[in-house]
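Following: one structure in structure tokens, then a few remarks.
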Amino acid sequence: MFNLFKKLVITFFGTGYLPIAPGTWGSLAAAVIFLILAFSIKTIPLLYGILGGMIILATILGVVLGPWAVEFFQKIDPGHYVLDEAAGMWIALLFIPFHNKTSLLIIAVVQFLLFRIFDILKPPPASQAENLPHGWGIMADDLIAGVFANFCGQILFRLILPATSFKI
């Protein structure tokens, strides 16, 4: 029973078992969860507080369950393991300014695309982070990809194309 729980966590509720690019499915599921929260929670500080807590929880679980996943799947970075993509996607969305539902949807799509690009390309130090021991090697490259995507999103949505410019 505990192994089932571990599989559900590391596959992000089974999205890691979806065909073709499971990391994309895990990232998409994380973006959808963010949107559900954003449309449900009325205060932005509470939204980002919950999102921060989810990032911390996913990271801790990812690091702790990483060695088990490597042994279970017999791979150093198992493809079905997408909790790292969820945590990275949430980092990509953290503190990106939005002002209405339209801007929120546009931001979620753009941040999803940015995160996937950085996750696939793995620019340094993300590529080197894969060599870290234990569960850190699985998690760190995606956390770094999330930071890169967030940085680009901050520039884009604060300086170049402020979310206030999106009309409903």
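Chain lettering (A, B, ...) mirrors the order of the structure tokens, residue numbering begins at 1 for each chain separately, and ligand numbering begins at 1 in order of display.
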
Close residues, A:Leu28 itself excluded, 10 Å, only C-alpha atoms, min 2 positions apart in chain, as a short mmCIF file (atom, residue, chain, number, x, y, z; two decimals) with N, CA and C atoms, in the first residue's frame:
data_model
loop_
_atom_site.label_atom_id
_atom_site.label_comp_id
_atom_site.auth_asym_id
_atom_site.auth_seq_id
_atom_site.Cartn_x
_atom_site.Cartn_y
_atom_site.Cartn_z
N THR A 15 0.21 10.95 -13.86
CA THR A 15 0.48 11.63 -15.13
C THR A 15 1.80 11.18 -15.74
N PRO A 22 6.09 12.16 -20.78
CA PRO A 22 5.41 12.24 -19.48
C PRO A 22 5.74 13.50 -18.69
N GLY A 23 6.93 14.06 -18.88
CA GLY A 23 7.27 15.30 -18.19
C GLY A 23 6.37 16.45 -18.60
N THR A 24 5.96 16.46 -19.85
CA THR A 24 5.04 17.48 -20.32
C THR A 24 3.69 17.32 -19.64
N TRP A 25 3.22 16.08 -19.49
CA TRP A 25 1.94 15.84 -18.82
C TRP A 25 2.01 16.26 -17.35
N GLY A 26 3.12 15.95 -16.69
CA GLY A 26 3.27 16.34 -15.29
C GLY A 26 3.29 17.85 -15.14
N ALA A 30 0.47 20.26 -13.25
CA ALA A 30 0.85 21.26 -12.24
C ALA A 30 0.30 22.63 -12.61
N ALA A 31 0.33 22.98 -13.90
CA ALA A 31 -0.21 24.27 -14.35
C ALA A 31 -1.72 24.33 -14.13
N VAL A 32 -2.40 23.23 -14.39
CA VAL A 32 -3.85 23.17 -14.18
C VAL A 32 -4.18 23.32 -12.69
N ILE A 33 -3.43 22.65 -11.84
CA ILE A 33 -3.64 22.79 -10.39
C ILE A 33 -3.43 24.24 -9.97
N PHE A 34 -2.38 24.87 -10.51
CA PHE A 34 -2.16 26.29 -10.21
C PHE A 34 -3.36 27.12 -10.63
N GLU A 85 8.95 17.75 -12.35
CA GLU A 85 8.36 18.69 -13.31
C GLU A 85 7.27 19.55 -12.65
N ALA A 86 6.48 18.93 -11.77
CA ALA A 86 5.44 19.70 -11.08
C ALA A 86 6.07 20.80 -10.22
N MET A 89 7.51 23.49 -12.48
CA MET A 89 6.44 24.28 -13.10
C MET A 89 5.89 25.29 -12.10
N ALA A 108 -0.05 31.44 -17.58
CA ALA A 108 0.11 30.00 -17.35
C ALA A 108 0.61 29.30 -18.61
N VAL A 109 0.08 29.67 -19.76
CA VAL A 109 0.51 29.05 -21.02
C VAL A 109 1.96 29.42 -21.33
N PHE A 112 4.32 27.75 -18.90
CA PHE A 112 4.41 26.32 -19.23
C PHE A 112 5.39 26.11 -20.38
N LEU A 113 5.26 26.90 -21.43
CA LEU A 113 6.16 26.77 -22.58
C LEU A 113 7.60 27.09 -22.21
N ARG A 116 9.03 24.20 -20.12
CA ARG A 116 9.33 23.01 -20.92
C ARG A 116 10.59 23.22 -21.76
#

Write out as a ChimeraX atom specification which residues come within 9 Å of A:Ile76 when counting only C-alpha atoms, dropping same-chain ones fewer than 6 positions away. /A:67,69-70,137-138

Could I get the residues of stretch 32-141 of chain A with an atom no further than 7 Å from an atom of stretch 145-166 of chain A, each paired with its nearest atom pair and that distance in Å to one decimal, using only C-alpha atoms, sorted by chain and residue number, as a Markdown table?
| residue | atom | partner | partner_atom | distance |
| --- | --- | --- | --- | --- |
| A:Gly88 | CA | A:Gly146 | CA | 4.3 |
| A:Met89 | CA | A:Gly146 | CA | 5.8 |
| A:Ile91 | CA | A:Gly146 | CA | 5.0 |
| A:Ala92 | CA | A:Asn150 | CA | 4.2 |
| A:Leu93 | CA | A:Asn150 | CA | 6.4 |
| A:Ile96 | CA | A:Gln154 | CA | 6.0 |
| A:Pro97 | CA | A:Ala163 | CA | 6.5 |
| A:Phe98 | CA | A:Ala163 | CA | 5.3 |
| A:His99 | CA | A:Thr164 | CA | 5.9 |
| A:Thr102 | CA | A:Phe166 | CA | 6.7 |
| A:Ser103 | CA | A:Ala163 | CA | 5.5 |
| A:Gln111 | CA | A:Ala149 | CA | 6.4 |
| A:Leu114 | CA | A:Ala149 | CA | 5.2 |
| A:Phe115 | CA | A:Ala149 | CA | 5.1 |
| A:Phe118 | CA | A:Ala145 | CA | 5.0 |
| A:Asp119 | CA | A:Ala145 | CA | 5.2 |
| A:Lys122 | CA | A:Ala145 | CA | 6.9 |
| A:Ala126 | CA | A:Ala145 | CA | 6.7 |
| A:Asp141 | CA | A:Ala145 | CA | 6.2 |

Between atom CA of A:Gly49 and atom CA of A:Val63, measure the distance and give it in Å to one decimal.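 A separation of 21.2 Å between them.
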
From the list A:Leu104, A:Ile10, A:Pro125, A:Leu132, the nearest residue to A:Gly66 using only C-alpha atoms is A:Ile10

May I ask for the distance between atom CA of A:Gly14 and atom CA of A:Lys101, given in Å to one decimal place? 28.2 Å

Just the number, please: distance in Å from atom CA of A:Phe5 to atom CA of A:Ile20, one decimal. 23.4 Å

Which of these, A:Phe95, A:Tyr17, A:Ile107, A:Phe12, has the shortest distance to A:Pro45 once you count only C-alpha atoms?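 Answer, going by the shortest atom-to-atom distance: A:Phe95.
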
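Among the candidates A:Val64, A:Leu83, A:Leu121, A:Leu47, the one nearest to A:Pro133 when counting only C-alpha atoms is A:Val64.
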